[in-house]
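Reviewing the structure listed below.
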Amino acid sequence: MSVAASPDSRNVSRKAVRRLDAATAAPFVIFLIVYALVPRFAADKELTMLIYIGINTMLAISLNLLMGYAGQVSLGHAAFFGLGAYTSAILTVRPIPAEVIPGLGTGLGVAAGCAVFTSLTRASGARLASAAAAMVALAWGSQAVHLHPAAVLLISAAGMAAFAAAARSGALMGGASGLTAAVVTLLCQHLLAGVLQRGGASPWSGMVAGVGFSGLVAYLLGGQVLRLKGHYLAMATLGFGVIVEIVFRQWTAVTGGSSDGIFGIPVMRAEWLGGIGRMTGVEVSPRVEYYYLVWAFVFVCLMLGVNIVRSRVGRAFRAVHGSEVAAESLGVDTSRYKVQVFVLSAGIASVAGSLYAHQAGVGYIHPSEFGFGVSAQLVVMVVVGGMASIWGALLGATTLQLIKTWLLGLEKTQHTLFGLTLTGLEPIVFGAVLIGVMIVMPQGLVRGVSDAAAAALRGTRRGRPGGSG
Amino acid sequence: MAALIQAVQVTRAFGGLVAVNSVDFSVRRGQMKALIGPNGAGKSTLLNLLTGITPVTSGDIIIDGSSIRGRPAFHAATLGLARTFQNVRLFENMTVIENVMVGCHSWTRQGIASGALRWIGHWREERLIIEESHRQLGRVGLEAEAGADAASLPFGKQRMLEIARALAGHPQVLMLDEPASGLSTRETAELSSLLRQIVSEGVTVLLVDHDMQFVMDISDEVTVLDQGRTIAEGTPEQVQSDAAVIAAYLGTEPN
């Protein structure tokens, strides 16, 4: 069946691949130049705004991968933003009490063990549950009797192998997952005991923990809710977002609740990135450094996004959007890819959350910053920039931030208009913008403007200005 | 000769309606087989059962020696089964060539990290995918439209694109659900010659249609379904002269 392609077509395809990548690389070069030079021309006020734009761009990219490309609507995306922010804020602000460390270590170890177990044996349901129970028992038991770490590893592996043999699912795989669980448990206990007890983790490890936690939540949630389609999925994610916000508000002992929030969050440092500023001759203040940090992450997200959507897995995401039945008929495991894009999206949102929490000169988060209003704004950003457009995320986030800043200024300087008190305009204007964009350019700003430009260009070439070709 | 696809006593009920009623059906390797029957005979349902999109109520479906009962729908594709749909299901959010590139999914392996970080494996595989996709597009005469949006193609070309997409997965069997419906006479002739070429390359073809003329011209063997049951099976000539088939299509003769 597979006839070798002629050398000619091979050449063509090789060129096509290269040309495509050259075309997509160009905007990144421009991006980097602008990125390096901005602090020369921007004051603190603009830099603060740019930091917000950067964080929102990351959120919009993450939601666009999920919604614009894979077609899975989420009205609760701010929850993952919040989980990232809260996880790294909590871990960095408070020393972890010694008594929870064994439990936390065991939990993480068992989670890792289960992940290995499922990926090796594709077990689910009762088998997975009993394997997890076995791992908990082994991890907890071996800890209680204070064995040598090597003995713990051996016992765990042997125990899991015996369990797997009994459950007829491959003793070797059971042993491997048991061993992983044991290793991760021991590692976590040592690390946690060493690092966290001394007055909080570093923001960077907080960010990593946040991604891990958000990813785990997304994995567990996604496996269930992504079976739903359309409006039902929107409702389920909306509910999830509301629940997470309530947890932030009510679980006062951990999150500080809605009256206090969390204070004194340390700043995430990246001195080496500040070096870019020094090269361009700028005095590197903490804010300049943070600007470079955030936009370095934005750059990475843009690049990963652009690469993913033009890859095998990215095409699978888009195929799920186009037609799940057709995608399945071509061998695309749609439920797996839906969970994958959900976890990826949650992970990026979580990184944005950590960046938000550890900002220079803020050091404070509050539940209201991660509520439904934020989720709704993210959807508007994605739609305004353009569904299924990575660069559109940047444009959407920028546009909305500019509108927001302008509105705040308006509310401050002009208190009334035609007798109407100017407060809380934001949702109204955003709603209007959403409706306007949907009507005028349903494909979003990027596609809309480029299509209009292309049409105008074709028109002038044919000597018919404005011709619609 | 062993059957490549075998349906054993397959039944599918939707509520009280039994769309397919204990049907035995098989397709041999290398065959061009047709499944015909009047409207509502259960042809499309049987095809959906064979490809695992609809689960069977009872019975079993065996593809190349392994059962697909209780497996997710994508599993059939990994066993070498590809299909097209009665009402063309393209990925309208993608270009023509990207549609075919998705078709290459089942024989490619690169994961998300490889694509995101552009590892060497990504490049190697991407090149193979693009070559294969161009080859399949060339075969159905869509090379020139490779960069166009799939949704912008006229209907006949959309059908051809769907076939190219299915073939990009290097299937053992290609199943086509009413491929000739909505096609002009010229397009139908092109389709016939394409299908003959595909069979000559060693791909087994299963054709579901109610256009008797088109089916009879190109099939090796025909199975006729009526009201969820098999009523006849044999060569096109045998089937055409079968009394039960004539009755099902034209109704029994008055008086």
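Residue numbering restarts at 1 for every chain of the structure tokens, chains are lettered A, B, ... in their displayed order, and ligands are numbered from 1 as they appear.
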Give the strand (DSSP E) residues of stretch 15-176 of chain B, as DSSP finds them on the backbone, and put them as a ChimeraX atom specification. /B:17-28,32-36,58-63,66-67,81-83,173-176
Got a sec to pull out which chain A residues are within 6 Å of chain B, counting only C-alpha atoms, and send them as a PyMOL selection string? chain A and resi 1+304+307-308+311+313+319+322+328-333
Which residues, written as a PDB file with C-alpha atoms, in the first residue's frame, have at least one atom at most 6 Å from stretch 440-455 of chain A, with only C-alpha atoms counted and residues fewer than 5 positions away on the same chain left out?
```pdb
ATOM      1  CA  VAL A 383     -13.282  35.606  21.244  1.00  0.00           C
ATOM      2  CA  VAL A 384     -12.045  39.166  20.620  1.00  0.00           C
ATOM      3  CA  GLY A 385      -8.553  37.995  19.666  1.00  0.00           C
ATOM      4  CA  GLY A 386      -9.928  35.123  17.666  1.00  0.00           C
ATOM      5  CA  GLY A 392      -4.967  36.460  18.797  1.00  0.00           C
ATOM      6  CA  SER A 468     -14.214  42.319  -2.190  1.00  0.00           C
TER       7      SER A 468
END
```
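Remark: for B:Leu4, the closest of the candidate residues B:Leu137, B:Ala244, B:Val173, B:Val208 is B:Val173 (distances computed over only C-alpha atoms).
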Closest of A:Gly215, A:Arg249, A:Arg287, A:Leu104 to A:Ala42 - atom-to-atom distances counting only C-alpha atoms: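 Distance minimum relative to A:Ala42 lands on A:Arg287.
Among the candidates B:Leu191, B:Leu49, B:Val224, B:Ile5, the residue lying nearest to B:Tyr249 is B:Val224 (atoms considered: only C-alpha atoms).
Using only C-alpha atoms, the nearest neighbour of A:Glu324 within the list A:Ile365, A:Gly436, A:Tyr337, A:Leu273 is A:Tyr337.
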Do a neighbour search on B:Met212 at 12 Å with only C-alpha atoms, toss out local chain neighbours closer than 5 positions, and write the hits as an MDAnalysis selection string. chainID B and resid 34:38 178 180:181 207 217:219 222:224 236:237 239:240 245:246 249
Take the residues from that selection and write them out as a PDB file, in the first residue's frame, keeping C-alpha atoms.
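Saved the output as selection12.pdb:
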```pdb
ATOM      1  CA  ALA B  34     -21.300  -4.147  -1.229  1.00  0.00           C
ATOM      2  CA  LEU B  35     -24.064  -3.851   1.322  1.00  0.00           C
ATOM      3  CA  ILE B  36     -27.312  -2.679  -0.191  1.00  0.00           C
ATOM      4  CA  GLY B  37     -30.939  -2.417   0.786  1.00  0.00           C
ATOM      5  CA  PRO B  38     -33.888  -0.066   0.641  1.00  0.00           C
ATOM      6  CA  GLU B 178     -23.224   6.001   0.264  1.00  0.00           C
ATOM      7  CA  ALA B 180     -22.100   8.063  -4.759  1.00  0.00           C
ATOM      8  CA  SER B 181     -25.019  10.005  -3.329  1.00  0.00           C
ATOM      9  CA  LEU B 207     -19.508  -0.220  -0.010  1.00  0.00           C
ATOM     10  CA  ASP B 217     -20.947  -2.449 -11.756  1.00  0.00           C
ATOM     11  CA  ILE B 218     -18.021  -2.675  -9.408  1.00  0.00           C
ATOM     12  CA  SER B 219     -18.687  -5.174  -6.601  1.00  0.00           C
ATOM     13  CA  VAL B 222     -23.326  -8.128  -2.624  1.00  0.00           C
ATOM     14  CA  THR B 223     -25.283  -8.552   0.585  1.00  0.00           C
ATOM     15  CA  VAL B 224     -28.850  -7.291   0.680  1.00  0.00           C
ATOM     16  CA  PRO B 236     -24.328  -9.062  -8.440  1.00  0.00           C
ATOM     17  CA  GLU B 237     -26.054 -11.262 -11.049  1.00  0.00           C
ATOM     18  CA  VAL B 239     -28.677 -10.884  -6.274  1.00  0.00           C
ATOM     19  CA  GLN B 240     -30.299  -8.991  -9.119  1.00  0.00           C
ATOM     20  CA  VAL B 245     -34.537  -8.655  -3.405  1.00  0.00           C
ATOM     21  CA  ILE B 246     -36.892  -7.596  -6.166  1.00  0.00           C
ATOM     22  CA  TYR B 249     -36.983  -2.995  -3.699  1.00  0.00           C
TER      23      TYR B 249
END
```
List the spatial neighbours of A:Val351 as a PDB file with N, CA and C atoms, in the first residue's frame - criterion: any atom at most 7 Å away, only C-alpha atoms, same-chain residues fewer than 2 positions off excluded.
```pdb
ATOM      1  N   GLY A  84      -3.330  27.920  40.929  1.00  0.00           N
ATOM      2  CA  GLY A  84      -1.905  28.195  40.800  1.00  0.00           C
ATOM      3  C   GLY A  84      -1.468  29.282  41.763  1.00  0.00           C
ATOM      4  N   MET A 207       5.582  27.548  42.224  1.00  0.00           N
ATOM      5  CA  MET A 207       4.989  27.507  40.885  1.00  0.00           C
ATOM      6  C   MET A 207       4.916  26.071  40.370  1.00  0.00           C
ATOM      7  N   VAL A 211       1.546  23.947  39.435  1.00  0.00           N
ATOM      8  CA  VAL A 211       1.276  23.280  38.158  1.00  0.00           C
ATOM      9  C   VAL A 211       0.909  21.821  38.409  1.00  0.00           C
ATOM     10  N   GLY A 347      -2.430  23.760  33.353  1.00  0.00           N
ATOM     11  CA  GLY A 347      -1.041  23.984  33.746  1.00  0.00           C
ATOM     12  C   GLY A 347      -0.577  25.386  33.386  1.00  0.00           C
ATOM     13  N   ILE A 348      -0.893  25.834  32.169  1.00  0.00           N
ATOM     14  CA  ILE A 348      -0.488  27.184  31.752  1.00  0.00           C
ATOM     15  C   ILE A 348      -1.193  28.233  32.608  1.00  0.00           C
ATOM     16  N   ALA A 349      -2.503  28.011  32.858  1.00  0.00           N
ATOM     17  CA  ALA A 349      -3.252  28.957  33.695  1.00  0.00           C
ATOM     18  C   ALA A 349      -2.654  29.017  35.092  1.00  0.00           C
ATOM     19  N   GLY A 353      -1.127  32.046  37.234  1.00  0.00           N
ATOM     20  CA  GLY A 353      -1.575  32.330  38.590  1.00  0.00           C
ATOM     21  C   GLY A 353      -0.410  32.583  39.534  1.00  0.00           C
ATOM     22  N   SER A 354       0.623  31.749  39.431  1.00  0.00           N
ATOM     23  CA  SER A 354       1.795  31.949  40.294  1.00  0.00           C
ATOM     24  C   SER A 354       2.459  33.287  39.982  1.00  0.00           C
ATOM     25  N   LEU A 355       2.558  33.623  38.693  1.00  0.00           N
ATOM     26  CA  LEU A 355       3.154  34.906  38.319  1.00  0.00           C
ATOM     27  C   LEU A 355       2.328  36.062  38.880  1.00  0.00           C
TER      28      LEU A 355
END
```
Atom-to-atom span, atom CA of B:Pro179 and atom CA of B:Gln158, Å: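 For atom CA of B:Pro179 relative to atom CA of B:Gln158, the distance reads 10.8 Å.
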Which is closer to B:Asn39 than all the others in B:Gly228, B:Gly65, B:Gly234, B:Gly138, using only C-alpha atoms? B:Gly228
Kindly give the distance, in Å, that separates atom CA of A:Ala85 and atom CA of A:Ser375, rounded to a single decimal. 14.8 Å
Determine, counting only C-alpha atoms, which protein, DNA and RNA residues have an atom within 12 Å of an atom of A:Leu402; residues of the same chain fewer than 4 positions away are not included. Present the result as an MDAnalysis selection string. chainID A and resid 46 49:50 52:53 381 395:398 406:409 426 430
Would you list, as a ChimeraX atom specification, the residues of stretch 339-390 of chain A that end up in helix (DSSP H, G or I) under DSSP run on this structure's backbone? /A:339-357,367-370,372-385,390
Preceding selection exported with N, CA and C atoms as a short mmCIF file (atom, residue, chain, number, x, y, z; two decimals), in the first residue's frame:
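And here's part-v4.cif as it stands now:
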```cif
data_model
loop_
_atom_site.label_atom_id
_atom_site.label_comp_id
_atom_site.auth_asym_id
_atom_site.auth_seq_id
_atom_site.Cartn_x
_atom_site.Cartn_y
_atom_site.Cartn_z
N VAL A 339 -8.69 15.21 27.65
CA VAL A 339 -8.10 15.34 28.99
C VAL A 339 -6.72 15.98 28.87
N GLN A 340 -5.98 15.58 27.85
CA GLN A 340 -4.62 16.12 27.70
C GLN A 340 -4.64 17.64 27.50
N VAL A 341 -5.53 18.11 26.64
CA VAL A 341 -5.56 19.56 26.39
C VAL A 341 -6.08 20.29 27.61
N PHE A 342 -6.96 19.65 28.36
CA PHE A 342 -7.49 20.25 29.59
C PHE A 342 -6.37 20.41 30.63
N VAL A 343 -5.56 19.38 30.78
CA VAL A 343 -4.46 19.43 31.75
C VAL A 343 -3.42 20.46 31.31
N LEU A 344 -3.10 20.46 30.02
CA LEU A 344 -2.15 21.44 29.49
C LEU A 344 -2.64 22.86 29.77
N SER A 345 -3.91 23.07 29.47
CA SER A 345 -4.51 24.39 29.64
C SER A 345 -4.49 24.80 31.11
N ALA A 346 -4.84 23.87 31.99
CA ALA A 346 -4.82 24.16 33.43
C ALA A 346 -3.41 24.47 33.89
N GLY A 347 -2.43 23.76 33.35
CA GLY A 347 -1.04 23.98 33.75
C GLY A 347 -0.58 25.39 33.39
N ILE A 348 -0.89 25.83 32.17
CA ILE A 348 -0.49 27.18 31.75
C ILE A 348 -1.19 28.23 32.61
N ALA A 349 -2.50 28.01 32.86
CA ALA A 349 -3.25 28.96 33.69
C ALA A 349 -2.65 29.02 35.09
N SER A 350 -2.19 27.86 35.57
CA SER A 350 -1.61 27.82 36.91
C SER A 350 -0.30 28.60 36.98
N VAL A 351 0.52 28.50 35.95
CA VAL A 351 1.76 29.28 35.90
C VAL A 351 1.42 30.77 35.92
N ALA A 352 0.41 31.14 35.13
CA ALA A 352 -0.02 32.54 35.13
C ALA A 352 -0.46 32.96 36.53
N GLY A 353 -1.13 32.05 37.23
CA GLY A 353 -1.58 32.33 38.59
C GLY A 353 -0.41 32.58 39.53
N SER A 354 0.62 31.75 39.43
CA SER A 354 1.79 31.95 40.29
C SER A 354 2.46 33.29 39.98
N LEU A 355 2.56 33.62 38.69
CA LEU A 355 3.15 34.91 38.32
C LEU A 355 2.33 36.06 38.88
N TYR A 356 1.02 35.88 38.89
CA TYR A 356 0.12 36.90 39.41
C TYR A 356 0.33 37.08 40.91
N ALA A 357 0.50 35.95 41.62
CA ALA A 357 0.62 36.00 43.08
C ALA A 357 1.95 36.60 43.52
N PRO A 367 -9.77 36.17 47.03
CA PRO A 367 -10.63 35.27 46.23
C PRO A 367 -11.34 35.96 45.07
N SER A 368 -11.68 37.26 45.24
CA SER A 368 -12.46 37.93 44.19
C SER A 368 -11.68 38.04 42.88
N GLU A 369 -10.36 37.85 42.95
CA GLU A 369 -9.57 37.96 41.72
C GLU A 369 -9.64 36.69 40.87
N PHE A 370 -10.34 35.66 41.38
CA PHE A 370 -10.37 34.38 40.67
C PHE A 370 -11.80 33.86 40.52
N PHE A 372 -16.01 34.15 38.91
CA PHE A 372 -16.64 33.94 37.61
C PHE A 372 -16.40 35.10 36.65
N GLY A 373 -16.36 36.33 37.22
CA GLY A 373 -16.13 37.50 36.37
C GLY A 373 -14.86 37.37 35.56
N VAL A 374 -13.81 36.84 36.20
CA VAL A 374 -12.52 36.68 35.51
C VAL A 374 -12.65 35.62 34.42
N SER A 375 -13.32 34.51 34.74
CA SER A 375 -13.53 33.46 33.73
C SER A 375 -14.24 34.02 32.51
N ALA A 376 -15.26 34.85 32.77
CA ALA A 376 -16.03 35.42 31.67
C ALA A 376 -15.15 36.35 30.83
N GLN A 377 -14.32 37.16 31.52
CA GLN A 377 -13.41 38.06 30.79
C GLN A 377 -12.45 37.28 29.90
N LEU A 378 -12.00 36.13 30.41
CA LEU A 378 -11.08 35.32 29.61
C LEU A 378 -11.74 34.86 28.32
N VAL A 379 -13.01 34.46 28.44
CA VAL A 379 -13.73 34.04 27.23
C VAL A 379 -13.81 35.20 26.25
N VAL A 380 -14.10 36.42 26.78
CA VAL A 380 -14.17 37.58 25.89
C VAL A 380 -12.82 37.82 25.20
N MET A 381 -11.73 37.71 25.98
CA MET A 381 -10.40 37.89 25.38
C MET A 381 -10.16 36.94 24.22
N VAL A 382 -10.53 35.67 24.45
CA VAL A 382 -10.31 34.66 23.41
C VAL A 382 -11.14 34.99 22.17
N VAL A 383 -12.41 35.35 22.39
CA VAL A 383 -13.28 35.61 21.24
C VAL A 383 -12.83 36.86 20.50
N VAL A 384 -12.47 37.92 21.26
CA VAL A 384 -12.05 39.17 20.62
C VAL A 384 -10.77 38.94 19.81
N GLY A 385 -9.80 38.26 20.39
CA GLY A 385 -8.55 38.00 19.67
C GLY A 385 -8.78 37.04 18.51
N ILE A 390 -3.36 31.69 18.22
CA ILE A 390 -2.46 31.86 19.37
C ILE A 390 -2.08 33.33 19.53
#
```
